[in-house]
Amino acid sequence: MGKIIAFANQKGGVGKTTSAVNVAASLGQLGKRVLLVDLDPQGNTTSGVGISKKALRCTTKTVILGETSAKEAIVPTAFDNLSVMPTNITLAGAEFDLYAGERAEYRLRDALAPLREEDAFDYIILDCPPSLGMLTMNGLTAADGVIIPMQCEFYALEGLSQLMVTISRIKQVCNADLMVTGILVTMYNGRLVLSLQVMHELKKHYSDKLFRTTISRGVRLSEAPGFGMPVFYHDKHAKGAQEYLDVARELLLRI
Ligand SMILES: Nc1ncnc2c1ncn2[C@@H]1O[C@H](COP(=O)(O)OP(=O)(O)OP(=O)(O)O)[C@@H](O)[C@H]1O
Ligand SMILES: [Mg+2]
């Protein structure tokens, strides 16, 4: 049965989308059938894999509101073994509707269930928005595992412990099986003293969760979404392309 992995962190701009897109594409390159679900109304994942956000009839929004099936909303990408459930800004309104409806946290989980039953994908990767609102709750309720991308910054550890508390609450209330698959350090610069200090703390408190691979800051990674491509397809020699492949290989050993 396919595994569902959410990329989540309530902090903005930490590399959730970059990691979700590039880990998904790397798993595809390694021969896994992958679905990338865009759970963020910003739609960065959608445009990041070359899908236009305009004129989308079926999106993550229509799926979680039960207006269309998950299957109807899935579109293939130009990349190996990679499909996407796209989204656009209309998802922001759906979050509000969700609060008013029943089984609000379970909408995505219920919608993805038929895909799991059919064994349509080996991995379903969820890109969550930068909040702990109902969309992220849906992601964490649907997921088997969560990957927490984070930067080695001053407030990062504080944010991480808040997120760990939220994850244990979700485990108690909506998804007993949820595991922290890993913590992934992004935009890493080992020449900065602060980065080294934060890394030291992470190793002290979360050594079993930390991915051995760290993602360096790199210009190819930041420009690839502008071309609507995962970094490997933009420049396969980029350091980030290799690093995300290494993360995908580590992931295969973990879940
Ligand atoms: N390793 C990296 N090297 C250089 N730039 C990066 C790297 N990772 C991400 N970025 C850039 O940093 C910015 C934030 O990254 P990204 O969009 O992946 O974060 P996010 O956590 O998904 O943000 P949001 O919270 O808004 O959804 C983007 O402009 C992205 O291109
Ligand atoms: Mg994002």
# chains A, B, ... in the order shown; residues from 1 in each chain; ligands from 1
>>> residues_around(residues="segment 110-113 of chain A", least_positions_apart="5", cutoff="10 Å", atoms="only C-alpha atoms", output="JSON, numbers by chain")
{"A": [4, 60, 63, 64, 65, 66, 68, 69, 70, 71, 103, 105, 118, 119, 124, 138, 141, 142]}
>>> closest_atom_pairs(of="chain A", to="ligand 1", cutoff="6 Å", atoms="only C-alpha atoms and all ligand atoms", output="JSON lines")
{"residue": "A:Gly12", "atom": "CA", "partner": "ligand 1", "partner_atom_place_in_ligand_line": "25 (O)", "distance": 3.1}
{"residue": "A:Gly13", "atom": "CA", "partner": "ligand 1", "partner_atom_place_in_ligand_line": "23 (O)", "distance": 3.3}
{"residue": "A:Val14", "atom": "CA", "partner": "ligand 1", "partner_atom_place_in_ligand_line": "21 (O)", "distance": 3.9}
{"residue": "A:Gly15", "atom": "CA", "partner": "ligand 1", "partner_atom_place_in_ligand_line": "18 (O)", "distance": 3.3}
{"residue": "A:Lys16", "atom": "CA", "partner": "ligand 1", "partner_atom_place_in_ligand_line": "22 (O)", "distance": 3.8}
{"residue": "A:Thr17", "atom": "CA", "partner": "ligand 1", "partner_atom_place_in_ligand_line": "22 (O)", "distance": 3.6}
{"residue": "A:Thr18", "atom": "CA", "partner": "ligand 1", "partner_atom_place_in_ligand_line": "18 (O)", "distance": 3.6}
{"residue": "A:Pro129", "atom": "CA", "partner": "ligand 1", "partner_atom_place_in_ligand_line": "27 (O)", "distance": 5.2}
{"residue": "A:Pro130", "atom": "CA", "partner": "ligand 1", "partner_atom_place_in_ligand_line": "25 (O)", "distance": 4.3}
{"residue": "A:Thr186", "atom": "CA", "partner": "ligand 1", "partner_atom_place_in_ligand_line": "1 (N)", "distance": 5.5}
{"residue": "A:Met187", "atom": "CA", "partner": "ligand 1", "partner_atom_place_in_ligand_line": "1 (N)", "distance": 4.0}
{"residue": "A:Ile215", "atom": "CA", "partner": "ligand 1", "partner_atom_place_in_ligand_line": "1 (N)", "distance": 5.5}
{"residue": "A:Ser216", "atom": "CA", "partner": "ligand 1", "partner_atom_place_in_ligand_line": "1 (N)", "distance": 5.1}
{"residue": "A:Arg217", "atom": "CA", "partner": "ligand 1", "partner_atom_place_in_ligand_line": "3 (N)", "distance": 3.4}
{"residue": "A:Gly218", "atom": "CA", "partner": "ligand 1", "partner_atom_place_in_ligand_line": "3 (N)", "distance": 4.0}
{"residue": "A:Val219", "atom": "CA", "partner": "ligand 1", "partner_atom_place_in_ligand_line": "4 (C)", "distance": 5.4}
{"residue": "A:Leu221", "atom": "CA", "partner": "ligand 1", "partner_atom_place_in_ligand_line": "3 (N)", "distance": 5.2}
{"residue": "A:Ser222", "atom": "CA", "partner": "ligand 1", "partner_atom_place_in_ligand_line": "31 (O)", "distance": 3.4}
>>> write_last_selection(atoms="N, CA and C atoms", output="CSV table (one decimal), in the first residue's frame")
chain,number,residue,atom,x,y,z
A,12,GLY,N,7.0,29.9,7.8
A,12,GLY,CA,7.0,30.1,6.3
A,12,GLY,C,8.4,30.1,5.7
A,13,GLY,N,8.5,29.8,4.5
A,13,GLY,CA,9.7,29.9,3.7
A,13,GLY,C,10.9,29.1,4.2
A,14,VAL,N,10.6,27.9,4.8
A,14,VAL,CA,11.7,27.1,5.3
A,14,VAL,C,12.1,26.0,4.3
A,15,GLY,N,11.4,25.9,3.1
A,15,GLY,CA,11.8,24.9,2.1
A,15,GLY,C,10.8,23.7,2.1
A,16,LYS,N,9.6,23.9,2.5
A,16,LYS,CA,8.6,22.8,2.4
A,16,LYS,C,8.3,22.5,1.0
A,17,THR,N,8.0,23.5,0.2
A,17,THR,CA,7.6,23.2,-1.2
A,17,THR,C,8.8,22.7,-2.0
A,18,THR,N,9.9,23.4,-1.9
A,18,THR,CA,11.1,23.0,-2.6
A,18,THR,C,11.5,21.5,-2.3
A,129,PRO,N,0.6,24.1,3.8
A,129,PRO,CA,0.8,25.6,3.9
A,129,PRO,C,1.5,25.9,5.2
A,130,PRO,N,2.0,27.2,5.3
A,130,PRO,CA,2.7,27.6,6.5
A,130,PRO,C,1.8,28.0,7.6
A,186,THR,N,17.4,22.5,5.6
A,186,THR,CA,17.5,23.1,4.3
A,186,THR,C,18.3,24.4,4.3
A,187,MET,N,18.7,24.8,3.1
A,187,MET,CA,19.4,26.0,2.9
A,187,MET,C,20.6,26.1,3.9
A,215,ILE,N,20.4,19.9,2.9
A,215,ILE,CA,20.3,20.6,1.6
A,215,ILE,C,21.0,21.9,1.7
A,216,SER,N,22.0,22.1,0.8
A,216,SER,CA,22.8,23.3,0.8
A,216,SER,C,21.9,24.4,0.2
A,217,ARG,N,22.3,25.7,0.5
A,217,ARG,CA,21.7,26.8,-0.2
A,217,ARG,C,22.3,26.8,-1.6
A,218,GLY,N,21.4,26.9,-2.6
A,218,GLY,CA,22.0,26.8,-4.0
A,218,GLY,C,21.1,27.6,-5.0
A,219,VAL,N,21.7,28.3,-5.9
A,219,VAL,CA,20.9,29.1,-6.8
A,219,VAL,C,20.1,28.3,-7.8
A,221,LEU,N,18.5,25.6,-7.1
A,221,LEU,CA,17.2,25.2,-6.4
A,221,LEU,C,16.2,26.3,-6.4
A,222,SER,N,16.7,27.5,-6.3
A,222,SER,CA,15.8,28.6,-6.2
A,222,SER,C,15.3,29.1,-7.6
>>> residues_near_ligand(ligand="ligand 2", cutoff="12 Å", atoms="only C-alpha atoms and all ligand atoms", output="ChimeraX atom specification")
/A:6-21,37-48,126-131,136,149,225
>>> residues_around(residues="Arg249 of chain A", least_positions_apart="2", cutoff="10 Å", atoms="only C-alpha atoms", output="short mmCIF file (atom, residue, chain, number, x, y, z; two decimals) with N, CA and C atoms, in the first residue's frame")
data_model
loop_
_atom_site.label_atom_id
_atom_site.label_comp_id
_atom_site.auth_asym_id
_atom_site.auth_seq_id
_atom_site.Cartn_x
_atom_site.Cartn_y
_atom_site.Cartn_z
N VAL A 23 11.87 16.03 -3.55
CA VAL A 23 11.86 14.65 -3.04
C VAL A 23 10.90 13.81 -3.90
N SER A 26 12.54 13.06 -7.13
CA SER A 26 13.64 12.11 -6.94
C SER A 26 13.10 10.69 -6.76
N LEU A 27 12.01 10.56 -5.99
CA LEU A 27 11.39 9.23 -5.84
C LEU A 27 10.93 8.72 -7.20
N LEU A 30 13.72 7.36 -9.05
CA LEU A 30 14.14 6.06 -8.50
C LEU A 30 13.12 4.96 -8.82
N THR A 213 21.46 13.59 5.25
CA THR A 213 21.68 14.55 4.17
C THR A 213 21.14 15.91 4.58
N GLU A 243 21.63 16.13 -3.72
CA GLU A 243 21.23 16.08 -2.30
C GLU A 243 19.79 15.58 -2.15
N TYR A 244 18.88 16.07 -3.00
CA TYR A 244 17.50 15.60 -2.88
C TYR A 244 17.37 14.13 -3.26
N LEU A 245 18.20 13.66 -4.19
CA LEU A 245 18.20 12.22 -4.49
C LEU A 245 18.65 11.42 -3.27
N ASP A 246 19.65 11.95 -2.57
CA ASP A 246 20.13 11.27 -1.36
C ASP A 246 19.04 11.26 -0.28
N VAL A 247 18.29 12.36 -0.16
CA VAL A 247 17.18 12.39 0.81
C VAL A 247 16.15 11.32 0.43
N LEU A 251 14.85 8.25 2.60
CA LEU A 251 13.42 8.11 2.86
C LEU A 251 12.96 6.67 2.59
N LEU A 252 13.46 6.10 1.50
CA LEU A 252 13.06 4.72 1.14
C LEU A 252 13.45 3.73 2.24
N LEU A 253 14.50 4.05 2.97
CA LEU A 253 14.92 3.16 4.06
C LEU A 253 14.09 3.38 5.32
N ARG A 254 13.45 4.57 5.38
CA ARG A 254 12.72 4.91 6.62
C ARG A 254 11.25 4.53 6.57
#
>>> closest_residue(among="A:Ser168, A:Thr62, A:Gln162, A:Gln29", to="Asp80 of chain A", atoms="only C-alpha atoms")
A:Gln29
>>> select_by_dssp(residues="segment 58-236 of chain A", states="strand (DSSP E or B)", output="list of chain:residue names")
A:Val75, A:Pro76, A:Leu82, A:Ser83, A:Val84, A:Met85, A:Tyr123, A:Ile124, A:Ile125, A:Leu126, A:Asp127, A:Gly145, A:Val146, A:Ile147, A:Ile148, A:Pro149, A:Met150, A:Gln151, A:Met179, A:Val180, A:Thr181, A:Gly182, A:Ile183, A:Leu184, A:Val185, A:Thr186, A:Tyr188, A:Leu210, A:Ser216
>>> residues_around(residues="Lys54 of chain A", least_positions_apart="4", cutoff="12 Å", atoms="only C-alpha atoms", output="JSON, numbers by chain")
{"A": [43, 46, 47, 50, 58, 59, 86, 87, 88, 89, 90]}
>>> closest_residue(among="A:Ile51, A:Ala241, A:Leu56, A:Leu135", to="Ala94 of chain A", atoms="only C-alpha atoms")
A:Leu135
>>> decode(residues="segment 148-189 of chain A", atoms="N, CA and C atoms", output="compact mmCIF listing (two decimals), in the first residue's frame")
# COMPACT_ATOMS: atom_id res chain seq x y z
N ILE A 148 9.73 17.27 8.40
CA ILE A 148 9.76 18.67 8.82
C ILE A 148 11.00 19.34 8.23
N PRO A 149 10.80 20.13 7.17
CA PRO A 149 11.94 20.89 6.66
C PRO A 149 12.19 22.08 7.58
N MET A 150 13.45 22.37 7.85
CA MET A 150 13.73 23.54 8.69
C MET A 150 15.08 24.16 8.36
N GLN A 151 15.17 25.44 8.66
CA GLN A 151 16.43 26.15 8.47
C GLN A 151 17.13 26.25 9.81
N CYS A 152 18.46 26.33 9.76
CA CYS A 152 19.22 26.46 11.00
C CYS A 152 19.23 27.92 11.45
N GLU A 153 18.09 28.36 11.99
CA GLU A 153 17.96 29.75 12.43
C GLU A 153 17.65 29.80 13.92
N PHE A 154 17.73 31.00 14.45
CA PHE A 154 17.56 31.21 15.88
C PHE A 154 16.23 30.67 16.41
N TYR A 155 15.12 30.98 15.72
CA TYR A 155 13.81 30.59 16.23
C TYR A 155 13.37 29.19 15.80
N ALA A 156 14.22 28.54 15.01
CA ALA A 156 13.80 27.26 14.42
C ALA A 156 13.51 26.20 15.47
N LEU A 157 14.34 26.14 16.51
CA LEU A 157 14.15 25.08 17.50
C LEU A 157 12.87 25.28 18.30
N GLU A 158 12.56 26.56 18.58
CA GLU A 158 11.32 26.88 19.27
C GLU A 158 10.12 26.42 18.43
N GLY A 159 10.17 26.76 17.14
CA GLY A 159 9.09 26.36 16.21
C GLY A 159 8.98 24.84 16.16
N LEU A 160 10.12 24.18 16.17
CA LEU A 160 10.13 22.72 16.08
C LEU A 160 9.45 22.08 17.29
N SER A 161 9.73 22.62 18.49
CA SER A 161 9.09 21.97 19.65
C SER A 161 7.58 22.24 19.65
N GLN A 162 7.16 23.42 19.17
CA GLN A 162 5.70 23.67 19.04
C GLN A 162 5.07 22.66 18.08
N LEU A 163 5.77 22.44 16.96
CA LEU A 163 5.23 21.52 15.95
C LEU A 163 5.16 20.10 16.50
N MET A 164 6.15 19.70 17.28
CA MET A 164 6.14 18.35 17.87
C MET A 164 4.94 18.18 18.81
N VAL A 165 4.60 19.26 19.54
CA VAL A 165 3.43 19.21 20.43
C VAL A 165 2.16 19.02 19.59
N THR A 166 2.07 19.80 18.51
CA THR A 166 0.89 19.68 17.63
C THR A 166 0.79 18.27 17.06
N ILE A 167 1.92 17.72 16.65
CA ILE A 167 1.91 16.37 16.08
C ILE A 167 1.44 15.35 17.12
N SER A 168 1.88 15.52 18.37
CA SER A 168 1.40 14.53 19.35
C SER A 168 -0.08 14.71 19.65
N ARG A 169 -0.59 15.94 19.56
CA ARG A 169 -2.05 16.13 19.74
C ARG A 169 -2.81 15.45 18.61
N ILE A 170 -2.30 15.64 17.37
CA ILE A 170 -2.98 15.01 16.23
C ILE A 170 -2.95 13.49 16.37
N LYS A 171 -1.86 12.97 16.88
CA LYS A 171 -1.77 11.52 17.11
C LYS A 171 -2.84 11.06 18.10
N GLN A 172 -3.08 11.88 19.12
CA GLN A 172 -4.08 11.51 20.13
C GLN A 172 -5.50 11.59 19.58
N VAL A 173 -5.74 12.61 18.74
CA VAL A 173 -7.12 12.91 18.37
C VAL A 173 -7.54 12.31 17.02
N CYS A 174 -6.71 12.50 15.98
CA CYS A 174 -7.17 12.14 14.63
C CYS A 174 -6.37 11.05 13.93
N ASN A 175 -5.12 10.83 14.32
CA ASN A 175 -4.29 9.93 13.50
C ASN A 175 -3.22 9.28 14.37
N ALA A 176 -3.64 8.20 15.04
CA ALA A 176 -2.74 7.53 16.00
C ALA A 176 -1.46 7.01 15.33
N ASP A 177 -1.55 6.74 14.02
CA ASP A 177 -0.41 6.12 13.33
C ASP A 177 0.64 7.11 12.82
N LEU A 178 0.37 8.40 12.99
CA LEU A 178 1.29 9.40 12.42
C LEU A 178 2.68 9.31 13.05
N MET A 179 3.70 9.24 12.19
CA MET A 179 5.09 9.18 12.67
C MET A 179 5.86 10.40 12.16
N VAL A 180 6.85 10.81 12.90
CA VAL A 180 7.76 11.82 12.35
C VAL A 180 8.81 11.04 11.55
N THR A 181 8.71 11.14 10.24
CA THR A 181 9.63 10.40 9.37
C THR A 181 11.03 11.01 9.44
N GLY A 182 11.08 12.33 9.53
CA GLY A 182 12.39 12.93 9.63
C GLY A 182 12.37 14.45 9.66
N ILE A 183 13.49 14.98 10.11
CA ILE A 183 13.70 16.44 10.10
C ILE A 183 14.78 16.70 9.06
N LEU A 184 14.45 17.60 8.13
CA LEU A 184 15.37 17.84 7.02
C LEU A 184 15.89 19.28 7.08
N VAL A 185 17.17 19.42 7.23
CA VAL A 185 17.77 20.76 7.29
C VAL A 185 17.97 21.27 5.87
N THR A 186 17.40 22.47 5.62
CA THR A 186 17.46 23.05 4.28
C THR A 186 18.29 24.35 4.30
N MET A 187 18.69 24.77 3.12
CA MET A 187 19.42 26.04 2.94
C MET A 187 20.60 26.12 3.91
N TYR A 188 21.28 25.01 4.07
CA TYR A 188 22.34 24.90 5.08
C TYR A 188 23.64 25.54 4.61
N ASN A 189 24.25 26.28 5.52
CA ASN A 189 25.57 26.85 5.24
C ASN A 189 26.46 26.54 6.44
